[in-house]
Every structure is written in structure tokens, then in C-alpha cells.
$ cat work.txt   # compact mmCIF, C-alpha atoms
# COMPACT_ATOMS: atom_id res chain seq x y z
CA MET A 1 -39.11 -8.85 -6.84
CA ALA A 2 -38.49 -6.43 -4.00
CA SER A 3 -35.59 -4.00 -4.42
CA SER A 4 -32.30 -5.15 -2.89
CA ALA A 5 -30.61 -3.78 0.23
CA ALA A 6 -30.11 -0.04 0.73
CA VAL A 7 -27.83 1.29 -2.00
CA PRO A 8 -25.43 4.19 -1.39
CA PHE A 9 -26.91 7.56 -2.40
CA TRP A 10 -24.52 7.93 -5.34
CA ARG A 11 -25.52 4.54 -6.74
CA ALA A 12 -29.18 5.53 -6.41
CA ALA A 13 -28.43 8.67 -8.42
CA GLY A 14 -26.96 6.57 -11.24
CA MET A 15 -23.28 7.06 -10.48
CA THR A 16 -20.81 4.18 -10.56
CA TYR A 17 -18.27 3.49 -7.82
CA ILE A 18 -15.37 4.54 -10.02
CA THR A 19 -16.96 7.94 -10.70
CA TYR A 20 -17.63 8.38 -6.97
CA SER A 21 -14.10 7.38 -6.05
CA ASN A 22 -12.56 9.71 -8.64
CA ILE A 23 -14.68 12.64 -7.49
CA CYS A 24 -13.56 12.03 -3.88
CA ALA A 25 -9.91 11.84 -4.95
CA ASN A 26 -10.16 15.06 -6.98
CA LEU A 27 -11.76 16.92 -4.09
CA VAL A 28 -8.99 15.82 -1.75
CA ARG A 29 -6.33 16.86 -4.28
CA LYS A 30 -7.86 20.31 -4.63
CA CYS A 31 -7.50 20.86 -0.89
CA LEU A 32 -3.79 20.19 -0.71
CA LYS A 33 -1.12 22.74 0.26
CA GLU A 34 0.98 24.21 -2.45
CA PRO A 35 3.86 22.09 -3.67
CA PHE A 36 1.79 18.93 -3.20
CA LYS A 37 -1.18 20.33 -5.10
CA ALA A 38 0.93 21.24 -8.12
CA GLU A 39 2.64 17.83 -8.06
CA SER A 40 -0.66 15.98 -7.95
CA MET A 41 -2.21 18.07 -10.74
CA ASN A 42 0.86 17.35 -12.83
CA ARG A 43 0.65 13.67 -12.05
CA GLU A 44 -3.02 13.44 -12.95
CA LYS A 45 -2.80 15.25 -16.28
CA VAL A 46 -4.11 13.20 -19.21
CA HIS A 47 -2.94 13.90 -22.72
CA PHE A 48 -5.32 13.28 -25.61
CA SER A 49 -4.84 13.24 -29.32
CA LEU A 50 -8.02 13.15 -31.36
CA SER A 51 -8.21 12.20 -35.02
CA LYS A 52 -11.36 11.78 -37.06
CA TRP A 53 -11.68 9.03 -39.64
CA ALA A 54 -13.36 9.33 -43.05
CA ASP A 55 -13.66 6.58 -45.67
CA GLY A 56 -11.56 4.24 -43.58
CA LYS A 57 -8.61 6.62 -43.50
CA PRO A 58 -7.57 8.87 -40.70
CA GLU A 59 -7.69 12.56 -41.48
CA LYS A 60 -4.91 14.84 -40.31
CA PRO A 61 -4.44 14.07 -36.59
CA GLY A 62 -6.79 16.76 -35.35
CA PHE A 63 -5.87 18.53 -32.18
CA PHE A 64 -3.80 17.55 -29.18
CA PHE A 65 -5.15 18.54 -25.84
CA THR A 66 -4.51 17.94 -22.19
CA LEU A 67 -7.23 17.21 -19.70
CA LEU A 68 -6.67 18.23 -16.11
CA PRO A 69 -8.70 16.62 -13.34
CA VAL A 70 -12.02 18.37 -12.70
CA MET B 1 -8.45 -5.02 -6.46
CA LEU B 2 -9.28 -8.69 -7.00
CA ARG B 3 -5.65 -9.78 -6.85
CA GLN B 4 -6.31 -12.49 -4.31
CA ALA B 5 -9.59 -13.66 -5.80
CA SER B 6 -8.17 -16.55 -7.82
CA ARG B 7 -6.23 -17.83 -4.82
CA LEU B 8 -9.24 -17.56 -2.58
CA ILE B 9 -11.47 -19.46 -4.97
CA SER B 10 -9.11 -22.39 -5.43
CA ARG B 11 -7.99 -22.86 -1.86
CA SER B 12 -8.51 -26.31 -0.44
CA VAL B 13 -9.81 -27.02 3.04
CA THR B 14 -6.83 -27.72 5.29
CA ALA B 15 -6.70 -30.21 8.12
CA ALA B 16 -6.13 -27.46 10.72
CA SER B 17 -9.42 -25.89 9.72
CA SER B 18 -11.11 -26.18 13.09
CA LYS B 19 -9.23 -23.13 14.43
CA SER B 20 -9.81 -20.81 11.51
CA VAL B 21 -13.21 -19.44 10.57
CA THR B 22 -12.18 -19.10 6.95
CA ALA B 23 -11.54 -22.77 6.26
CA ARG B 24 -15.19 -23.41 5.44
CA ALA B 25 -15.38 -24.39 1.80
CA PHE B 26 -17.27 -22.20 -0.66
CA SER B 27 -20.08 -23.96 -2.47
CA THR B 28 -18.39 -23.04 -5.72
CA GLU B 29 -14.97 -24.30 -4.65
CA LEU B 30 -13.11 -26.24 -7.34
CA PRO B 31 -11.88 -29.69 -6.36
CA SER B 32 -8.17 -29.74 -5.74
CA THR B 33 -7.75 -33.04 -7.60
CA ILE B 34 -8.30 -33.44 -11.33
CA ASP B 35 -11.73 -34.71 -12.31
CA SER B 36 -11.07 -38.31 -13.44
CA THR B 37 -14.38 -38.85 -15.23
CA PHE B 38 -13.72 -35.77 -17.33
CA VAL B 39 -10.20 -36.95 -18.15
CA GLU B 40 -11.50 -40.38 -19.17
CA SER B 41 -14.22 -39.05 -21.46
CA TRP B 42 -11.68 -36.60 -22.91
CA LYS B 43 -9.33 -39.46 -23.75
CA LYS B 44 -12.14 -41.31 -25.51
CA VAL B 45 -12.94 -38.33 -27.69
CA ALA B 46 -9.41 -37.05 -28.31
CA PRO B 47 -6.88 -39.75 -27.37
CA ASN B 48 -3.91 -37.95 -28.87
CA MET B 49 -4.41 -34.64 -27.08
CA ASP B 50 -3.59 -33.85 -23.47
CA PRO B 51 -6.63 -32.94 -21.40
CA PRO B 52 -6.87 -29.17 -20.94
CA GLN B 53 -5.29 -27.55 -17.90
CA THR B 54 -7.46 -25.55 -15.56
CA PRO B 55 -6.32 -22.26 -14.03
CA SER B 56 -5.97 -23.83 -10.60
CA SER B 57 -3.29 -26.22 -11.83
CA PHE B 58 -1.04 -23.24 -12.60
CA MET B 59 -1.39 -21.61 -9.24
CA LYS B 60 0.69 -22.02 -6.13
CA PRO B 61 -1.21 -23.46 -3.19
CA ARG B 62 -2.52 -20.83 -0.82
CA PRO B 63 -0.17 -20.17 2.12
CA SER B 64 -1.61 -22.00 5.09
CA THR B 65 -2.88 -19.94 8.00
CA ALA B 66 -0.47 -20.06 10.94
CA SER B 67 -1.90 -22.08 13.81
CA SER B 68 -0.97 -19.37 16.33
CA ILE B 69 -1.80 -15.70 15.81
CA PRO B 70 1.26 -13.78 14.60
CA THR B 71 2.47 -10.89 16.76
CA LYS B 72 2.62 -8.34 13.96
CA LEU B 73 0.32 -7.27 11.16
CA THR B 74 1.92 -7.00 7.71
CA VAL B 75 0.56 -3.99 5.87
CA ASN B 76 0.70 -3.27 2.15
CA PHE B 77 -0.66 0.21 1.51
CA VAL B 78 -0.75 1.14 -2.15
CA LEU B 79 -1.88 4.06 -4.26
CA PRO B 80 -2.25 4.05 -8.04
CA TYR B 81 0.98 6.01 -8.41
CA ALA B 82 3.06 4.82 -5.46
CA SER B 83 3.48 2.07 -2.92
CA GLU B 84 3.26 3.83 0.46
CA LEU B 85 3.92 0.83 2.67
CA SER B 86 5.10 -2.51 1.39
CA GLY B 87 5.24 -5.49 3.68
CA LYS B 88 5.61 -3.26 6.74
CA GLU B 89 5.19 -5.04 10.07
CA VAL B 90 3.04 -3.03 12.44
CA ASP B 91 1.04 -3.52 15.61
CA MET B 92 -2.29 -2.12 14.52
CA VAL B 93 -3.99 -0.24 11.73
CA ILE B 94 -7.20 1.76 12.07
CA ILE B 95 -9.05 2.06 8.77
CA PRO B 96 -12.00 4.32 7.91
CA ALA B 97 -14.47 1.68 6.73
CA THR B 98 -17.97 2.68 5.58
CA THR B 99 -19.26 0.90 8.69
CA GLY B 100 -17.08 3.08 10.96
CA GLN B 101 -13.45 3.24 12.12
CA MET B 102 -12.22 -0.35 12.18
CA GLY B 103 -9.21 -1.38 14.24
CA VAL B 104 -7.19 -4.18 12.66
CA LEU B 105 -4.96 -6.30 14.88
CA PRO B 106 -2.93 -9.37 13.90
CA GLY B 107 -5.26 -12.34 13.61
CA HIS B 108 -8.21 -10.22 12.45
CA VAL B 109 -11.10 -12.07 10.86
CA PRO B 110 -10.61 -12.02 7.07
CA THR B 111 -12.61 -9.07 5.80
CA ILE B 112 -13.07 -6.97 2.72
CA ALA B 113 -13.96 -3.45 3.75
CA GLU B 114 -14.93 -0.53 1.54
CA LEU B 115 -13.31 2.66 2.80
CA LYS B 116 -14.97 6.05 3.10
CA PRO B 117 -13.11 9.38 3.12
CA GLY B 118 -11.38 9.48 6.51
CA ILE B 119 -8.22 9.00 8.52
CA MET B 120 -6.18 5.83 8.37
CA SER B 121 -3.64 5.43 11.15
CA VAL B 122 -0.76 2.99 11.28
CA HIS B 123 0.44 2.15 14.80
CA GLU B 124 3.97 0.85 15.30
CA GLY B 125 5.03 0.81 18.95
CA THR B 126 4.53 4.42 20.06
CA ASP B 127 4.73 5.69 16.47
CA ILE B 128 1.43 6.66 14.87
CA LYS B 129 1.34 7.69 11.24
CA LYS B 130 -1.90 9.20 9.95
CA TYR B 131 -3.09 9.53 6.37
CA PHE B 132 -6.28 11.02 4.99
CA VAL B 133 -7.69 8.47 2.56
CA SER B 134 -10.12 9.60 -0.16
CA SER B 135 -11.71 6.19 -0.72
CA GLY B 136 -10.63 2.64 -1.49
CA PHE B 137 -10.73 -0.87 -0.14
CA ALA B 138 -9.03 -2.88 2.57
CA PHE B 139 -8.48 -6.61 2.27
CA LEU B 140 -7.65 -8.35 5.54
CA HIS B 141 -6.37 -11.87 5.06
CA ALA B 142 -6.33 -14.85 7.37
CA ASN B 143 -2.53 -14.81 7.60
CA SER B 144 -2.52 -11.31 9.17
CA VAL B 145 -1.67 -9.50 5.98
CA ALA B 146 -3.63 -6.35 5.26
CA ASP B 147 -3.80 -4.99 1.72
CA ILE B 148 -5.11 -1.45 1.71
CA ILE B 149 -5.65 0.30 -1.58
CA ALA B 150 -6.66 3.92 -1.91
CA VAL B 151 -7.00 6.27 -4.83
CA GLU B 152 -5.53 9.21 -2.95
CA ALA B 153 -3.97 9.28 0.50
CA VAL B 154 -2.16 12.28 1.96
CA PRO B 155 -0.51 12.95 5.31
CA LEU B 156 -2.69 15.35 7.33
CA GLU B 157 -0.05 18.08 7.29
CA ASN B 158 -0.47 18.46 3.53
CA ILE B 159 -4.10 19.52 3.72
CA ASP B 160 -4.93 23.21 3.60
CA ALA B 161 -7.57 24.01 6.23
CA SER B 162 -8.81 27.22 4.61
CA GLN B 163 -9.50 25.45 1.31
CA VAL B 164 -11.39 22.75 3.19
CA GLN B 165 -13.62 25.38 4.83
CA LYS B 166 -14.20 27.09 1.52
CA GLY B 167 -15.05 23.80 -0.16
CA LEU B 168 -17.41 22.83 2.63
CA ALA B 169 -19.29 26.12 2.38
CA GLU B 170 -19.42 25.86 -1.42
CA PHE B 171 -20.78 22.34 -1.47
CA THR B 172 -23.28 22.94 1.33
CA GLN B 173 -24.64 25.77 -0.76
CA LYS B 174 -24.65 23.58 -3.90
CA LEU B 175 -26.53 20.88 -2.03
CA ALA B 176 -29.25 23.34 -1.09
CA SER B 177 -29.62 24.59 -4.65
CA ALA B 178 -29.18 21.30 -6.52
CA SER B 179 -31.99 20.21 -8.82
CA THR B 180 -31.22 16.90 -10.57
CA ASP B 181 -30.39 13.68 -8.73
CA LEU B 182 -26.88 13.70 -10.11
CA GLU B 183 -26.18 17.26 -8.95
CA LYS B 184 -27.52 16.38 -5.51
CA ALA B 185 -25.29 13.32 -5.36
CA GLU B 186 -22.20 15.29 -6.41
CA ALA B 187 -22.93 18.02 -3.88
CA GLN B 188 -23.49 15.41 -1.19
CA ILE B 189 -20.16 13.78 -1.99
CA GLY B 190 -18.50 17.18 -1.76
CA VAL B 191 -20.07 17.84 1.63
CA GLU B 192 -19.03 14.41 2.93
CA VAL B 193 -15.45 14.62 1.76
CA HIS B 194 -14.95 18.16 3.07
CA SER B 195 -16.58 17.39 6.43
CA ALA B 196 -14.34 14.37 6.77
CA MET B 197 -11.26 16.49 6.02
CA ASN B 198 -12.46 19.12 8.48
CA ALA B 199 -12.94 16.52 11.18
CA ALA B 200 -9.55 15.02 10.38
CA LEU B 201 -7.78 18.35 10.73
CA SER B 202 -9.51 19.36 13.95
CA GLY B 203 -9.80 15.93 15.63
$ encode --input "work.txt" --output "C-alpha cells"
Amino acid sequence: MASSAAVPFWRAAGMTYITYSNICANLVRKCLKEPFKAESMNREKVHFSLSKWADGKPEKPGFFFTLLPV
Amino acid sequence: MLRQASRLISRSVTAASSKSVTARAFSTELPSTIDSTFVESWKKVAPNMDPPQTPSSFMKPRPSTASSIPTKLTVNFVLPYASELSGKEVDMVIIPATTGQMGVLPGHVPTIAELKPGIMSVHEGTDIKKYFVSSGFAFLHANSVADIIAVEAVPLENIDASQVQKGLAEFTQKLASASTDLEKAEAQIGVEVHSAMNAALSG
């Protein structure tokens, strides 16, 4: 079977559309002027809480951390 | 993104179809009436149970396409965190599709367009509002409604030109020194987005 129609360069490199789209959005956000940049970084913050499990029971809820966009 | 997909799949061919390109039936189109042979064989097997409903029986019929082209385009422009324009009636919208800047007028052929980083402009009389869109999709429907979704869209005034120049230089350099496919792709994306912002600010 011949390969299908020309794929975008990011798809050829193994990236999915969502990853591509998020990278584009992050690059645009990084180039904003000041109050807007801070607002968007604030808006895009993701809070994580990680807890490891052992023997079917959660251990002490490990560490809380916040992930800012790349 | 596929909000309208279920409606599109179950639409029935209308009598006024000769005018509209979109009234051609899909080969996978579901019949609008209930399948009587299925209902009969169901009743033989399970006479006390109602035959199952199909998703199409729960849906409202698709709004019929107006026979004359409306004078205004209705635009819904949404971002993940805000609804920029909701049901706004405008004269024209120019969207940055991957195939080039596409002008959308009322009565545009139904299209699904993938957007590339670029300027989207909304024209209302003499008023033109421009946004820089990072990427997204535009769904143009037969009834002159345009649904545009973007991950990030900012008015041009909010972009900092010096940061754009810095970013462009940085990514051009990264592209030259990239080794793996993935690094090359990321650097390429950086170059594209920054060049688009540069062009948007200067053009």
C-alpha cells in the first residue's frame, strides 16, 4: 500500500495535533505584553497532587506541585 | 469540535435540495424513518419490550437551509476559556486556513477548515476587528453560521514585537542546530508561529 497524502511535518515527526496546537498556543502566550502575559500564565497553571500506592492503599499524599505551561 | 457531527450525520435530504450543494446524502446516512423489518423481528423475539431507540430519534431535525442567501454571517468565535463572539452578525470573516487566507461571506459553501497561526479578521460594516489565532478549526455551515474555535486568540495590540523578534531568532538558530526529528519539528513550529506573528504585526 502506498503511503497516504502528504502529512504535515509535525505529524511526520510523530507529534499529534493536540501537541502541535498546544505548542503554538504556548508560543503565542509567551509573546504577549505584560498584564496579558501574567493573566494567561495564571489561567493556564495546572495543579497536581501525586500520591503513590502500595499494597492497595494510598501512602501519604506525596507532594503538591503546580505545572506552568512550557 | 465535533459538536455538529451527530446532526450532520442524521440529516435527511430535503425537497429544496436542488439549490444547495450539501443536500446530497452521505452513503452512511441513517434512514429518517424507523426500520420496520427490524421492529417486526424485535417484536417476535421480545414481544413485551419496546424496540430500542436510536440516537437520531432523540435529536431535533436539522434546521433547513434558507432558500435565499442570508445577508449576514452569524459568527461564533470561542476559546477554551472564553466565548469571544457569540451569535454575532457580521458581513465577512477572513480566516487563516492552512490552505491560505479564506474569506467567508454569507452563503459560503459548507466547509471545515483547519487554521494555521495567523490573523483572523471580522468585518462589520466599516469596522474591522483583528485577532491573532494560534491554531484551531473553522466550521462553516450551510445556514451561514460560522463556528470558529481557537486555542489562543489575542488582539494584535497585545503582542510584544521585541519578544517576537527574539523568539524568531532563537528558533531559527534551534532549527539549524536540531538533531532529532522531534527537535526539528518543534523548532520548525517555533519559526512558523513567530514568523506569522511578525508578519501580523508588520502587515
$ axis_aligned_box --input "work.txt" --around "segment 18-33 of chain A" --padding-each-side "5 Å" --output "lines of an AutoDock Vina configuration file"
center_x = -9.4
center_y = 13.6
center_z = -5.2
size_x = 26.5
size_y = 28.2
size_z = 21.0
$ residues_near_point --input "work.txt" --point "(-1.8, 10.7, -25.9)" --cutoff "10 Å" --atoms "only C-alpha atoms" --output "ChimeraX atom specification"
/A:46-50,64-66
$ closest_atom_pairs --input "work.txt" --of "chain B" --to "chain A" --cutoff "9 Å" --atoms "all atoms listed in the file" --output "Markdown table"
| residue | atom | partner | partner_atom | distance |
| --- | --- | --- | --- | --- |
| B:Tyr81 | CA | A:Arg43 | CA | 8.5 |
| B:Pro117 | CA | A:Cys24 | CA | 7.5 |
| B:Phe132 | CA | A:Val28 | CA | 8.7 |
| B:Val133 | CA | A:Ala25 | CA | 8.5 |
| B:Ser134 | CA | A:Ala25 | CA | 5.3 |
| B:Ser135 | CA | A:Ser21 | CA | 6.0 |
| B:Gly136 | CA | A:Ser21 | CA | 7.4 |
| B:Val151 | CA | A:Ala25 | CA | 6.3 |
| B:Glu152 | CA | A:Ala25 | CA | 5.5 |
| B:Ala153 | CA | A:Ala25 | CA | 8.5 |
| B:Val154 | CA | A:Leu32 | CA | 8.5 |
| B:Glu157 | CA | A:Lys33 | CA | 8.5 |
| B:Asn158 | CA | A:Lys33 | CA | 5.4 |
| B:Ile159 | CA | A:Leu32 | CA | 4.5 |
| B:Asp160 | CA | A:Lys33 | CA | 5.1 |
| B:Ala161 | CA | A:Cys31 | CA | 7.8 |
| B:Ser162 | CA | A:Cys31 | CA | 8.5 |
| B:Gln163 | CA | A:Cys31 | CA | 5.5 |
| B:Val164 | CA | A:Cys31 | CA | 5.9 |
| B:Gly167 | CA | A:Cys31 | CA | 8.1 |
| B:Thr180 | CA | A:Ala13 | CA | 9.0 |
| B:Asp181 | CA | A:Ala13 | CA | 5.4 |
| B:Leu182 | CA | A:Ala13 | CA | 5.5 |
| B:Glu183 | CA | A:Ala13 | CA | 8.9 |
| B:Lys184 | CA | A:Ala13 | CA | 8.3 |
| B:Ala185 | CA | A:Trp10 | CA | 5.4 |
| B:Glu186 | CA | A:Trp10 | CA | 7.8 |
| B:Gln188 | CA | A:Trp10 | CA | 8.6 |
| B:Ile189 | CA | A:Cys24 | CA | 7.1 |
| B:Gly190 | CA | A:Leu27 | CA | 7.1 |
| B:Val193 | CA | A:Cys24 | CA | 6.5 |
| B:His194 | CA | A:Leu27 | CA | 7.9 |
| B:Met197 | CA | A:Val28 | CA | 8.1 |
$ atom_distance --input "work.txt" --atom1 "atom CA of Leu201 of chain B" --atom2 "atom CA of Gln101 of chain B"
16.2 Å
$ atom_distance --input "work.txt" --atom1 "atom CA of His141 of chain B" --atom2 "atom CA of Thr111 of chain B"
6.9 Å
$ atom_distance --input "work.txt" --atom1 "atom CA of Leu73 of chain B" --atom2 "atom CA of Glu89 of chain B"
5.5 Å
$ residues_near_point --input "work.txt" --point "(-14.8, -2.5, -2.4)" --cutoff "8 Å" --atoms "all atoms listed in the file" --output "list in words"
Met1, Ile112, Ala113, Glu114, Leu115, Gly136, Phe137 and Ala138 of chain B
$ closest_residue --input "work.txt" --among "B:Ala178, B:Leu168, B:Gly100, B:Glu84" --to "Pro155 of chain B" --atoms "only C-alpha atoms"
B:Glu84
$ build_atoms --input "work.txt" --residues "segment 19-37 of chain A" --atoms "N, CA, C and O atoms" --output "PDB file, keeping the file's coordinate frame"
ATOM      1  N   THR A  19     -16.717   6.487 -10.613  1.00  0.00           N
ATOM      2  CA  THR A  19     -16.960   7.940 -10.700  1.00  0.00           C
ATOM      3  C   THR A  19     -16.922   8.543  -9.300  1.00  0.00           C
ATOM      4  O   THR A  19     -16.280   9.578  -9.076  1.00  0.00           O
ATOM      5  N   TYR A  20     -17.599   7.894  -8.352  1.00  0.00           N
ATOM      6  CA  TYR A  20     -17.630   8.380  -6.970  1.00  0.00           C
ATOM      7  C   TYR A  20     -16.215   8.494  -6.419  1.00  0.00           C
ATOM      8  O   TYR A  20     -15.821   9.511  -5.853  1.00  0.00           O
ATOM      9  N   SER A  21     -15.437   7.422  -6.594  1.00  0.00           N
ATOM     10  CA  SER A  21     -14.100   7.380  -6.050  1.00  0.00           C
ATOM     11  C   SER A  21     -13.220   8.471  -6.669  1.00  0.00           C
ATOM     12  O   SER A  21     -12.441   9.125  -5.978  1.00  0.00           O
ATOM     13  N   ASN A  22     -13.352   8.681  -7.984  1.00  0.00           N
ATOM     14  CA  ASN A  22     -12.560   9.710  -8.640  1.00  0.00           C
ATOM     15  C   ASN A  22     -12.948  11.110  -8.200  1.00  0.00           C
ATOM     16  O   ASN A  22     -12.089  11.978  -8.034  1.00  0.00           O
ATOM     17  N   ILE A  23     -14.257  11.326  -7.980  1.00  0.00           N
ATOM     18  CA  ILE A  23     -14.680  12.640  -7.490  1.00  0.00           C
ATOM     19  C   ILE A  23     -14.072  12.892  -6.114  1.00  0.00           C
ATOM     20  O   ILE A  23     -13.518  13.963  -5.843  1.00  0.00           O
ATOM     21  N   CYS A  24     -14.138  11.889  -5.227  1.00  0.00           N
ATOM     22  CA  CYS A  24     -13.560  12.030  -3.880  1.00  0.00           C
ATOM     23  C   CYS A  24     -12.081  12.377  -3.980  1.00  0.00           C
ATOM     24  O   CYS A  24     -11.584  13.289  -3.307  1.00  0.00           O
ATOM     25  N   ALA A  25     -11.359  11.626  -4.830  1.00  0.00           N
ATOM     26  CA  ALA A  25      -9.910  11.840  -4.950  1.00  0.00           C
ATOM     27  C   ALA A  25      -9.617  13.246  -5.462  1.00  0.00           C
ATOM     28  O   ALA A  25      -8.712  13.922  -4.952  1.00  0.00           O
ATOM     29  N   ASN A  26     -10.384  13.715  -6.457  1.00  0.00           N
ATOM     30  CA  ASN A  26     -10.160  15.060  -6.980  1.00  0.00           C
ATOM     31  C   ASN A  26     -10.413  16.127  -5.939  1.00  0.00           C
ATOM     32  O   ASN A  26      -9.684  17.110  -5.843  1.00  0.00           O
ATOM     33  N   LEU A  27     -11.468  15.938  -5.122  1.00  0.00           N
ATOM     34  CA  LEU A  27     -11.760  16.920  -4.090  1.00  0.00           C
ATOM     35  C   LEU A  27     -10.632  16.990  -3.074  1.00  0.00           C
ATOM     36  O   LEU A  27     -10.235  18.073  -2.635  1.00  0.00           O
ATOM     37  N   VAL A  28     -10.098  15.821  -2.712  1.00  0.00           N
ATOM     38  CA  VAL A  28      -8.990  15.820  -1.750  1.00  0.00           C
ATOM     39  C   VAL A  28      -7.780  16.526  -2.357  1.00  0.00           C
ATOM     40  O   VAL A  28      -7.120  17.331  -1.711  1.00  0.00           O
ATOM     41  N   ARG A  29      -7.502  16.230  -3.640  1.00  0.00           N
ATOM     42  CA  ARG A  29      -6.330  16.860  -4.280  1.00  0.00           C
ATOM     43  C   ARG A  29      -6.464  18.369  -4.329  1.00  0.00           C
ATOM     44  O   ARG A  29      -5.485  19.093  -4.173  1.00  0.00           O
ATOM     45  N   LYS A  30      -7.694  18.846  -4.537  1.00  0.00           N
ATOM     46  CA  LYS A  30      -7.860  20.310  -4.630  1.00  0.00           C
ATOM     47  C   LYS A  30      -7.611  20.997  -3.303  1.00  0.00           C
ATOM     48  O   LYS A  30      -7.364  22.192  -3.263  1.00  0.00           O
ATOM     49  N   CYS A  31      -7.699  20.237  -2.204  1.00  0.00           N
ATOM     50  CA  CYS A  31      -7.500  20.860  -0.890  1.00  0.00           C
ATOM     51  C   CYS A  31      -6.099  20.689  -0.348  1.00  0.00           C
ATOM     52  O   CYS A  31      -5.865  20.815   0.846  1.00  0.00           O
ATOM     53  N   LEU A  32      -5.145  20.372  -1.201  1.00  0.00           N
ATOM     54  CA  LEU A  32      -3.790  20.190  -0.710  1.00  0.00           C
ATOM     55  C   LEU A  32      -3.051  21.516  -0.636  1.00  0.00           C
ATOM     56  O   LEU A  32      -3.414  22.477  -1.296  1.00  0.00           O
ATOM     57  N   LYS A  33      -1.972  21.547   0.180  1.00  0.00           N
ATOM     58  CA  LYS A  33      -1.120  22.740   0.260  1.00  0.00           C
ATOM     59  C   LYS A  33      -0.225  22.797  -0.963  1.00  0.00           C
ATOM     60  O   LYS A  33      -0.084  21.824  -1.682  1.00  0.00           O
ATOM     61  N   GLU A  34       0.387  23.966  -1.139  1.00  0.00           N
ATOM     62  CA  GLU A  34       0.980  24.210  -2.450  1.00  0.00           C
ATOM     63  C   GLU A  34       1.934  23.211  -3.094  1.00  0.00           C
ATOM     64  O   GLU A  34       1.575  22.684  -4.107  1.00  0.00           O
ATOM     65  N   PRO A  35       3.112  22.895  -2.680  1.00  0.00           N
ATOM     66  CA  PRO A  35       3.860  22.090  -3.670  1.00  0.00           C
ATOM     67  C   PRO A  35       3.164  20.776  -3.982  1.00  0.00           C
ATOM     68  O   PRO A  35       3.193  20.300  -5.113  1.00  0.00           O
ATOM     69  N   PHE A  36       2.448  20.220  -2.992  1.00  0.00           N
ATOM     70  CA  PHE A  36       1.790  18.930  -3.200  1.00  0.00           C
ATOM     71  C   PHE A  36       0.657  19.037  -4.202  1.00  0.00           C
ATOM     72  O   PHE A  36       0.422  18.132  -5.002  1.00  0.00           O
ATOM     73  N   LYS A  37      -0.048  20.157  -4.183  1.00  0.00           N
ATOM     74  CA  LYS A  37      -1.180  20.330  -5.100  1.00  0.00           C
ATOM     75  C   LYS A  37      -0.673  20.359  -6.539  1.00  0.00           C
ATOM     76  O   LYS A  37      -1.202  19.668  -7.411  1.00  0.00           O
TER      77      LYS A  37
END
